[in-house]
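Undergrad: Contents of final.txt (compact mmCIF, C-alpha atoms):
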# COMPACT_ATOMS: atom_id res chain seq x y z
CA MET Y 1 -40.35 -32.98 -9.96
CA THR Y 2 -38.97 -31.49 -13.16
CA SER Y 3 -35.55 -31.68 -14.79
CA ALA Y 4 -32.91 -29.04 -15.37
CA SER Y 5 -34.14 -28.55 -18.92
CA ASP Y 6 -37.82 -27.90 -18.21
CA SER Y 7 -38.13 -26.66 -14.62
CA PRO Y 8 -39.49 -23.08 -14.50
CA LEU Y 9 -36.94 -20.31 -13.96
CA PRO Y 10 -37.56 -16.85 -12.50
CA ALA Y 11 -38.67 -14.19 -14.96
CA VAL Y 12 -35.51 -12.38 -13.90
CA THR Y 13 -32.61 -14.13 -12.15
CA ARG Y 14 -30.60 -11.69 -10.05
CA LEU Y 15 -28.73 -14.07 -7.76
CA ILE Y 16 -27.47 -17.65 -7.87
CA ALA Y 17 -26.93 -19.34 -4.50
CA THR Y 18 -24.99 -22.58 -4.59
CA ASP Y 19 -23.74 -25.09 -2.08
CA LEU Y 20 -20.19 -26.38 -2.63
CA ASP Y 21 -19.49 -29.98 -1.58
CA GLY Y 22 -21.59 -32.45 -3.55
CA THR Y 23 -23.06 -29.59 -5.56
CA LEU Y 24 -20.71 -27.13 -7.28
CA LEU Y 25 -17.55 -29.12 -6.53
CA ARG Y 26 -16.84 -32.46 -8.10
CA ASP Y 27 -16.12 -35.39 -5.81
CA ASP Y 28 -12.38 -34.60 -6.02
CA LYS Y 29 -13.15 -31.13 -4.59
CA THR Y 30 -12.31 -29.29 -7.82
CA LEU Y 31 -14.28 -27.02 -10.14
CA SER Y 32 -14.53 -28.12 -13.76
CA ASP Y 33 -13.58 -25.72 -16.54
CA ARG Y 34 -17.23 -25.69 -17.60
CA THR Y 35 -18.38 -24.65 -14.13
CA ILE Y 36 -15.71 -21.96 -13.84
CA ALA Y 37 -16.80 -20.54 -17.19
CA ALA Y 38 -20.48 -20.61 -16.21
CA LEU Y 39 -19.85 -18.76 -12.95
CA ALA Y 40 -17.81 -16.09 -14.72
CA ALA Y 41 -20.45 -15.71 -17.43
CA ALA Y 42 -23.21 -15.29 -14.84
CA GLU Y 43 -21.33 -12.51 -13.05
CA ALA Y 44 -20.49 -10.86 -16.40
CA ALA Y 45 -24.23 -10.85 -17.14
CA GLY Y 46 -24.93 -9.00 -13.89
CA ILE Y 47 -26.07 -12.00 -11.83
CA GLU Y 48 -24.57 -12.18 -8.35
CA VAL Y 49 -23.18 -15.55 -7.27
CA PHE Y 50 -23.21 -16.52 -3.61
CA PHE Y 51 -21.41 -19.58 -2.31
CA VAL Y 52 -23.54 -20.90 0.56
CA THR Y 53 -21.83 -23.70 2.43
CA GLY Y 54 -21.36 -25.58 5.66
CA ARG Y 55 -17.62 -24.99 5.34
CA PRO Y 56 -15.86 -22.43 7.52
CA ALA Y 57 -14.36 -19.40 5.76
CA ARG Y 58 -10.82 -20.77 6.08
CA TRP Y 59 -11.76 -23.76 3.90
CA MET Y 60 -12.97 -21.62 1.00
CA ASP Y 61 -9.71 -21.68 -0.96
CA VAL Y 62 -11.33 -24.20 -3.33
CA VAL Y 63 -13.43 -21.39 -4.82
CA SER Y 64 -11.83 -18.13 -3.65
CA ALA Y 65 -9.88 -17.80 -6.90
CA HIS Y 66 -13.15 -17.84 -8.84
CA VAL Y 67 -15.10 -15.12 -7.06
CA GLN Y 68 -15.91 -12.03 -9.03
CA GLY Y 69 -17.31 -8.67 -7.91
CA HIS Y 70 -18.43 -8.83 -4.31
CA GLY Y 71 -16.58 -12.01 -3.31
CA MET Y 72 -19.15 -12.85 -0.63
CA ALA Y 73 -19.83 -16.24 0.88
CA ILE Y 74 -22.22 -17.56 3.50
CA CYS Y 75 -20.31 -20.09 5.62
CA ALA Y 76 -20.93 -22.51 8.48
CA ASN Y 77 -24.55 -23.14 7.42
CA GLY Y 78 -25.45 -19.47 7.76
CA ALA Y 79 -23.53 -18.71 10.97
CA ALA Y 80 -21.07 -16.39 9.19
CA VAL Y 81 -20.85 -14.11 6.17
CA ALA Y 82 -17.30 -13.87 4.81
CA ASP Y 83 -15.45 -11.69 2.32
CA LEU Y 84 -13.40 -14.16 0.29
CA HIS Y 85 -11.09 -11.44 -0.98
CA ASP Y 86 -9.47 -11.06 2.43
CA GLY Y 87 -11.01 -13.81 4.58
CA ARG Y 88 -12.75 -11.42 7.00
CA LEU Y 89 -15.95 -12.43 8.71
CA LEU Y 90 -18.38 -9.59 8.00
CA GLU Y 91 -21.21 -10.89 10.14
CA VAL Y 92 -21.62 -13.71 12.66
CA PHE Y 93 -24.73 -15.42 14.02
CA PRO Y 94 -23.26 -17.40 16.92
CA LEU Y 95 -24.40 -20.33 19.02
CA ASP Y 96 -24.63 -19.27 22.66
CA ARG Y 97 -22.10 -21.20 24.74
CA ALA Y 98 -24.55 -21.95 27.53
CA VAL Y 99 -27.00 -23.35 24.99
CA ALA Y 100 -24.21 -25.35 23.37
CA LEU Y 101 -23.26 -26.85 26.73
CA ALA Y 102 -26.88 -27.80 27.39
CA VAL Y 103 -27.15 -29.47 23.96
CA VAL Y 104 -23.92 -31.40 24.55
CA GLY Y 105 -25.36 -32.71 27.80
CA VAL Y 106 -28.63 -33.77 26.19
CA LEU Y 107 -26.87 -35.59 23.34
CA ARG Y 108 -24.43 -37.37 25.68
CA GLU Y 109 -27.43 -38.84 27.47
CA ALA Y 110 -29.52 -39.56 24.36
CA ALA Y 111 -26.71 -41.01 22.24
CA PRO Y 112 -23.95 -42.63 24.32
CA GLY Y 113 -20.70 -42.76 22.36
CA VAL Y 114 -21.17 -39.32 20.78
CA SER Y 115 -18.12 -37.07 20.46
CA PHE Y 116 -17.96 -33.36 19.73
CA ALA Y 117 -16.02 -30.65 17.94
CA VAL Y 118 -16.41 -26.91 18.46
CA GLU Y 119 -16.12 -24.60 15.45
CA LEU Y 120 -15.09 -21.14 16.62
CA ALA Y 121 -14.75 -18.04 14.48
CA THR Y 122 -10.99 -18.59 14.79
CA GLY Y 123 -10.77 -22.34 14.15
CA ILE Y 124 -11.94 -25.78 15.17
CA HIS Y 125 -11.18 -27.77 18.35
CA TYR Y 126 -12.34 -31.27 19.20
CA GLU Y 127 -12.56 -34.08 21.70
CA PRO Y 128 -10.06 -36.97 21.78
CA ALA Y 129 -12.64 -39.44 20.39
CA TYR Y 130 -13.70 -37.14 17.54
CA PRO Y 131 -12.40 -38.00 14.05
CA PRO Y 132 -9.26 -35.81 13.74
CA PHE Y 133 -9.11 -32.80 11.45
CA HIS Y 134 -5.90 -33.05 9.46
CA MET Y 135 -6.69 -29.68 7.86
CA ASP Y 136 -6.44 -27.98 11.26
CA PRO Y 137 -3.19 -29.12 12.90
CA GLY Y 138 -3.34 -26.32 15.50
CA ALA Y 139 -6.57 -27.49 17.08
CA THR Y 140 -6.93 -27.93 20.83
CA VAL Y 141 -7.99 -31.42 21.92
CA ALA Y 142 -10.16 -31.46 25.04
CA VAL Y 143 -13.66 -32.40 26.19
CA ALA Y 144 -16.42 -30.18 24.80
CA GLU Y 145 -17.32 -28.85 28.23
CA LYS Y 146 -13.79 -27.44 28.55
CA LEU Y 147 -13.75 -26.13 24.97
CA LEU Y 148 -17.02 -24.27 25.57
CA HIS Y 149 -16.13 -22.92 29.01
CA GLU Y 150 -15.51 -19.19 29.46
CA GLU Y 151 -14.56 -17.30 32.59
CA ALA Y 152 -17.46 -14.88 32.20
CA PRO Y 153 -20.45 -14.96 29.83
CA GLY Y 154 -19.69 -13.29 26.52
CA THR Y 155 -15.90 -13.28 26.92
CA GLY Y 156 -15.04 -16.13 24.55
CA THR Y 157 -14.60 -16.24 20.77
CA ALA Y 158 -17.90 -16.69 18.93
CA VAL Y 159 -19.04 -20.30 18.52
CA LEU Y 160 -20.23 -20.79 14.93
CA LYS Y 161 -21.38 -24.36 15.40
CA VAL Y 162 -20.86 -27.55 17.35
CA LEU Y 163 -20.41 -30.83 15.51
CA ALA Y 164 -21.55 -34.13 16.97
CA HIS Y 165 -20.26 -37.46 15.61
CA HIS Y 166 -21.59 -40.91 16.38
CA PRO Y 167 -19.71 -44.04 15.30
CA GLU Y 168 -22.73 -46.35 15.06
CA LEU Y 169 -26.02 -44.54 14.49
CA ALA Y 170 -27.44 -44.09 11.00
CA PRO Y 171 -27.02 -40.45 9.88
CA ASP Y 172 -30.72 -39.63 9.44
CA ALA Y 173 -31.67 -41.46 12.63
CA PHE Y 174 -29.09 -39.45 14.58
CA LEU Y 175 -30.45 -36.21 13.13
CA ALA Y 176 -34.03 -37.16 14.03
CA LEU Y 177 -32.97 -38.08 17.57
CA ALA Y 178 -31.16 -34.78 18.07
CA ARG Y 179 -34.08 -32.74 16.78
CA GLU Y 180 -36.49 -34.65 19.00
CA THR Y 181 -34.45 -34.23 22.17
CA ALA Y 182 -32.94 -30.75 21.71
CA GLY Y 183 -34.61 -29.15 18.70
CA ASP Y 184 -36.13 -26.45 20.91
CA ARG Y 185 -32.64 -25.24 21.91
CA ALA Y 186 -30.66 -25.14 18.66
CA SER Y 187 -30.81 -25.86 14.93
CA PHE Y 188 -29.65 -29.31 13.80
CA THR Y 189 -28.74 -30.44 10.32
CA ARG Y 190 -26.24 -32.63 8.46
CA SER Y 191 -24.23 -32.61 5.25
CA SER Y 192 -21.85 -35.53 5.70
CA PRO Y 193 -22.50 -39.11 4.56
CA THR Y 194 -21.57 -40.16 8.11
CA ALA Y 195 -23.47 -39.60 11.36
CA LEU Y 196 -22.11 -36.09 11.80
CA LEU Y 197 -24.51 -33.41 12.98
CA GLU Y 198 -23.98 -29.67 12.61
CA ILE Y 199 -25.50 -27.62 15.43
CA SER Y 200 -26.14 -23.89 15.08
CA GLY Y 201 -27.99 -21.21 16.98
CA LEU Y 202 -31.75 -21.65 17.00
CA GLY Y 203 -33.14 -20.38 13.70
CA VAL Y 204 -29.75 -20.06 12.02
CA SER Y 205 -29.70 -21.61 8.55
CA LYS Y 206 -28.38 -21.06 5.05
CA ALA Y 207 -31.81 -19.79 4.06
CA GLY Y 208 -32.11 -17.25 6.87
CA THR Y 209 -28.73 -15.64 6.24
CA LEU Y 210 -29.21 -15.74 2.47
CA ALA Y 211 -32.58 -14.01 2.88
CA THR Y 212 -30.93 -11.30 4.97
CA CYS Y 213 -28.15 -10.77 2.40
CA CYS Y 214 -30.69 -10.62 -0.43
CA ALA Y 215 -32.89 -8.14 1.43
CA GLU Y 216 -29.87 -5.86 1.90
CA ARG Y 217 -29.46 -5.88 -1.88
CA GLY Y 218 -33.13 -5.45 -2.72
CA ILE Y 219 -33.31 -8.96 -4.19
CA ALA Y 220 -36.53 -10.95 -3.69
CA ALA Y 221 -36.68 -14.70 -3.15
CA GLU Y 222 -38.45 -14.97 -6.52
CA GLU Y 223 -35.28 -13.65 -8.20
CA VAL Y 224 -33.00 -16.31 -6.68
CA VAL Y 225 -31.98 -19.70 -8.10
CA ALA Y 226 -30.47 -22.08 -5.53
CA PHE Y 227 -28.60 -25.38 -5.73
CA GLY Y 228 -27.93 -28.03 -3.08
CA ASP Y 229 -27.68 -31.70 -2.28
CA MET Y 230 -28.04 -32.40 1.45
CA PRO Y 231 -30.36 -31.77 4.43
CA ASN Y 232 -28.47 -28.55 5.31
CA ASP Y 233 -29.68 -27.16 1.96
CA VAL Y 234 -33.37 -27.93 2.46
CA GLU Y 235 -34.44 -24.54 3.85
CA MET Y 236 -32.52 -22.68 1.12
CA LEU Y 237 -34.00 -24.83 -1.63
CA SER Y 238 -37.49 -24.23 -0.24
CA TRP Y 239 -36.95 -20.47 0.10
CA ALA Y 240 -35.59 -19.65 -3.36
CA GLY Y 241 -37.88 -18.80 -6.25
CA ALA Y 242 -36.38 -21.66 -8.25
CA SER Y 243 -34.16 -24.39 -6.86
CA PHE Y 244 -32.39 -27.49 -8.07
CA ALA Y 245 -31.34 -30.58 -6.18
CA MET Y 246 -28.39 -32.38 -7.66
CA GLY Y 247 -28.77 -35.77 -9.33
CA ASN Y 248 -26.79 -37.17 -6.39
CA ALA Y 249 -28.90 -35.38 -3.75
CA HIS Y 250 -30.38 -36.66 -0.50
CA PRO Y 251 -34.15 -37.37 -0.78
CA ASP Y 252 -34.96 -34.46 1.54
CA ALA Y 253 -33.15 -32.04 -0.79
CA VAL Y 254 -34.97 -33.46 -3.80
CA ALA Y 255 -38.32 -33.04 -2.05
CA ALA Y 256 -37.53 -29.41 -1.17
CA ALA Y 257 -36.37 -28.34 -4.64
CA SER Y 258 -38.47 -27.26 -7.60
CA GLY Y 259 -36.31 -29.24 -10.03
CA VAL Y 260 -33.47 -31.75 -10.32
CA THR Y 261 -30.33 -31.21 -12.35
CA LEU Y 262 -27.42 -33.50 -13.21
CA THR Y 263 -24.95 -34.69 -10.58
CA ASN Y 264 -22.07 -32.64 -9.25
CA ASN Y 265 -19.66 -34.72 -11.35
CA GLU Y 266 -21.72 -33.93 -14.46
CA ASP Y 267 -21.64 -30.12 -13.98
CA GLY Y 268 -25.28 -29.98 -12.92
CA VAL Y 269 -25.00 -26.37 -11.68
CA ALA Y 270 -23.34 -25.19 -14.90
CA VAL Y 271 -26.09 -26.82 -16.97
CA VAL Y 272 -28.74 -24.66 -15.29
CA ILE Y 273 -26.64 -21.47 -15.34
CA GLU Y 274 -26.13 -21.91 -19.09
CA ARG Y 275 -29.91 -22.25 -19.49
CA ILE Y 276 -30.49 -19.08 -17.43
CA LEU Y 277 -28.04 -17.12 -19.58
CA ALA Y 278 -29.55 -18.47 -22.80
CA THR Y 279 -32.95 -17.01 -21.85
CA ARG Y 280 -31.69 -13.49 -21.13
Take the structure in the file and write it out as structure tokens.
TA:
Amino acid sequence: MTSASDSPLPAVTRLIATDLDGTLLRDDKTLSDRTIAALAAAEAAGIEVFFVTGRPARWMDVVSAHVQGHGMAICANGAAVADLHDGRLLEVFPLDRAVALAVVGVLREAAPGVSFAVELATGIHYEPAYPPFHMDPGATVAVAEKLLHEEAPGTGTAVLKVLAHHPELAPDAFLALARETAGDRASFTRSSPTALLEISGLGVSKAGTLATCCAERGIAAEEVVAFGDMPNDVEMLSWAGASFAMGNAHPDAVAAASGVTLTNNEDGVAVVIERILATR
């Protein structure tokens, strides 16, 4: 594993793909002046910047003021592509409700005490036992089976992901259990320090949606530099031509990346962007 100063970079960098929480954002959920300047300089140099996050589009206000040009973001771990200029979802890769119901049933049996939230294209709703979302005061509180029910197949709002929280299991152990018991039905990952799983449609990931967006622009994986810190970034870090795990990253992210940069609080993304621009 190499550092931010000596890890190989693409011969030509055409796109930077960066996670937000624990990566681009500091722990206080802000962008440093150095990072803001680096992002602007990259776009001014003709390099596209994609924010690729587990966050829903409505929680992108932390960076929406700093988008240039296209203003695109990949949200909900690849389940949605959003235009940050107006908040529209341009493309959605949903989790089938019948599949989601089946996964809920499997996890209730495999991990007693689990509680669920359902992230729709229009907002999040959750069970009474689920840790409350203070950022979404309009959420419906009901059991997951009711939240996922629809009168006829295909009539409900698109499900972007289901979240599963366990109050006692270790985060990585919970992820391994879910993948073992239901990994053939949906995609499971995590980005929280707690035992909180994020469940998407089978095959949906940051990497898959990023690859699609890049292909539409004629950009090859070898021309992409990616940044991340948690298991939900692993596929993206593996796919990109060059990738950097943060100094504060989960071991799985470190193993997937081609290099390691400084921590999110030390402007680790900006450090690499400045190096990219210095070589142009």
Undergrad: Could you please determine the separation between CA of Ala142 in chain Y and CA of Ala129 in chain Y in Å, to one decimal place?
TA: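 Between CA of Ala142 in chain Y and CA of Ala129 in chain Y the gap works out to 9.6 Å.
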Undergrad: Give me, as an MDAnalysis selection string, all polymer residues having an atom no more than 7 Å from Val81 in chain Y, counting all atoms listed in the file and skipping those fewer than 5 positions away in the same chain.
TA: chainID Y and resid 73:75 89:92
Undergrad: Identify which of the residues Y:His250, Y:Arg34, Y:Arg58, Y:Arg280 lies closest to Ser192 in chain Y, counting all atoms listed in the file when measuring atom-to-atom distances.
TA: Y:His250
Undergrad: In Å, with one decimal, what is the gap from CA of Glu222 in chain Y to CA of Leu20 in chain Y?
TA: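 Rounded to one decimal, the two atoms are 21.9 Å apart.
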Undergrad: Go through Y:Ala178, Y:Cys213, Y:Phe50, Y:Arg55 and flag the residue nearest Glu119 in chain Y, using only C-alpha atoms for the distances.
TA: Y:Arg55
Undergrad: Leaving out range 251-258 of chain Y and any residue of its chain fewer than 4 positions from it, which residues lie within 12 Å of it when counting all atoms listed in the file, given as a ChimeraX atom specification?
TA: /Y:1-4,6-10,19,22-23,172,189-191,225-247
Undergrad: May I have the protein, DNA and RNA residues with an atom at most 8 Å from (-24.5, -16.3, 12.8), counting all atoms listed in the file in the file's coordinates, returned as an mmCIF file with C-alpha atoms, in the frame of the given file?
TA:
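Resulting contents of selection17.cif:
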data_model
loop_
_atom_site.group_PDB
_atom_site.id
_atom_site.type_symbol
_atom_site.label_atom_id
_atom_site.label_comp_id
_atom_site.auth_asym_id
_atom_site.auth_seq_id
_atom_site.Cartn_x
_atom_site.Cartn_y
_atom_site.Cartn_z
ATOM 1 C CA GLY Y 78 -25.450 -19.470 7.760
ATOM 2 C CA ALA Y 79 -23.530 -18.710 10.970
ATOM 3 C CA ALA Y 80 -21.070 -16.390 9.190
ATOM 4 C CA VAL Y 81 -20.850 -14.110 6.170
ATOM 5 C CA GLU Y 91 -21.210 -10.890 10.140
ATOM 6 C CA VAL Y 92 -21.620 -13.710 12.660
ATOM 7 C CA PHE Y 93 -24.730 -15.420 14.020
ATOM 8 C CA PRO Y 94 -23.260 -17.400 16.920
ATOM 9 C CA LEU Y 95 -24.400 -20.330 19.020
ATOM 10 C CA LEU Y 160 -20.230 -20.790 14.930
ATOM 11 C CA GLY Y 201 -27.990 -21.210 16.980
ATOM 12 C CA VAL Y 204 -29.750 -20.060 12.020
ATOM 13 C CA THR Y 209 -28.730 -15.640 6.240
#
Undergrad: Return the single residue from Y:Ser187, Y:Asn264, Y:Ser205, Y:Ser115 that is closest to Thr30 in chain Y, with distances computed using all atoms listed in the file.
TA: Y:Asn264
Undergrad: Could you tell me which of Y:Leu101, Y:Leu169, Y:Ala158, Y:Ala57 comes closest to Ala144 in chain Y if we count all atoms listed in the file?
TA: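 Residue with the minimum atom-to-atom distance to Ala144 in chain Y: Y:Leu101.
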Undergrad: To one decimal place, how far is CA of Leu177 in chain Y from CA of Gly105 in chain Y in Å?
TA: 13.8 Å
Undergrad: Can you pull out the residues contacting range 265-267 of chain Y? Cut-off 8 Å, using only C-alpha atoms, and skip same-chain residues under 5 positions away; I want them as a list in words.
TA: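 Residues meeting the cut-off are Leu24, Leu25, Arg26, Asp27, Ser32, Arg34 and Thr35 of chain Y.
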Undergrad: Go ahead and write the residues just picked, C-alpha atoms, as a PDB file, in the coordinates of the input.
TA:
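Once written, result-v2.pdb looks like this:
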ATOM      1  CA  LEU Y  24     -20.710 -27.130  -7.280  1.00  0.00           C
ATOM      2  CA  LEU Y  25     -17.550 -29.120  -6.530  1.00  0.00           C
ATOM      3  CA  ARG Y  26     -16.840 -32.460  -8.100  1.00  0.00           C
ATOM      4  CA  ASP Y  27     -16.120 -35.390  -5.810  1.00  0.00           C
ATOM      5  CA  SER Y  32     -14.530 -28.120 -13.760  1.00  0.00           C
ATOM      6  CA  ARG Y  34     -17.230 -25.690 -17.600  1.00  0.00           C
ATOM      7  CA  THR Y  35     -18.380 -24.650 -14.130  1.00  0.00           C
TER       8      THR Y  35
END
Undergrad: Would you kindly identify which residues have an atom no farther than 10 Å from (-20.5, -15.4, -2.3), using only C-alpha atoms and the file's own coordinates, and write them out as a PyMOL selection string?
TA: chain Y and resi 15-18+48-53+63-64+67-75+81-84+210
Undergrad: Calculated over only C-alpha atoms, which of the candidates Y:Ala111, Y:Val159, Y:Leu196, Y:Leu148 has the smallest distance to Pro56 in chain Y?
TA: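 Going through Y:Ala111, Y:Val159, Y:Leu196, Y:Leu148 one by one, the smallest distance to Pro56 in chain Y is for Y:Val159.
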Undergrad: Which one of Y:Ala11, Y:Leu39, Y:Val271, Y:Thr263 sits closest to Asn248 in chain Y if you count all atoms listed in the file?
TA: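 Result for the nearest residue to Asn248 in chain Y: Y:Thr263.
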Undergrad: Using only C-alpha atoms, which residues sit within 7 Å of Glu198 in chain Y once same-chain residues fewer than 5 positions away are excluded, as number ranges by chain?
TA: Y: 161-164, 188-190
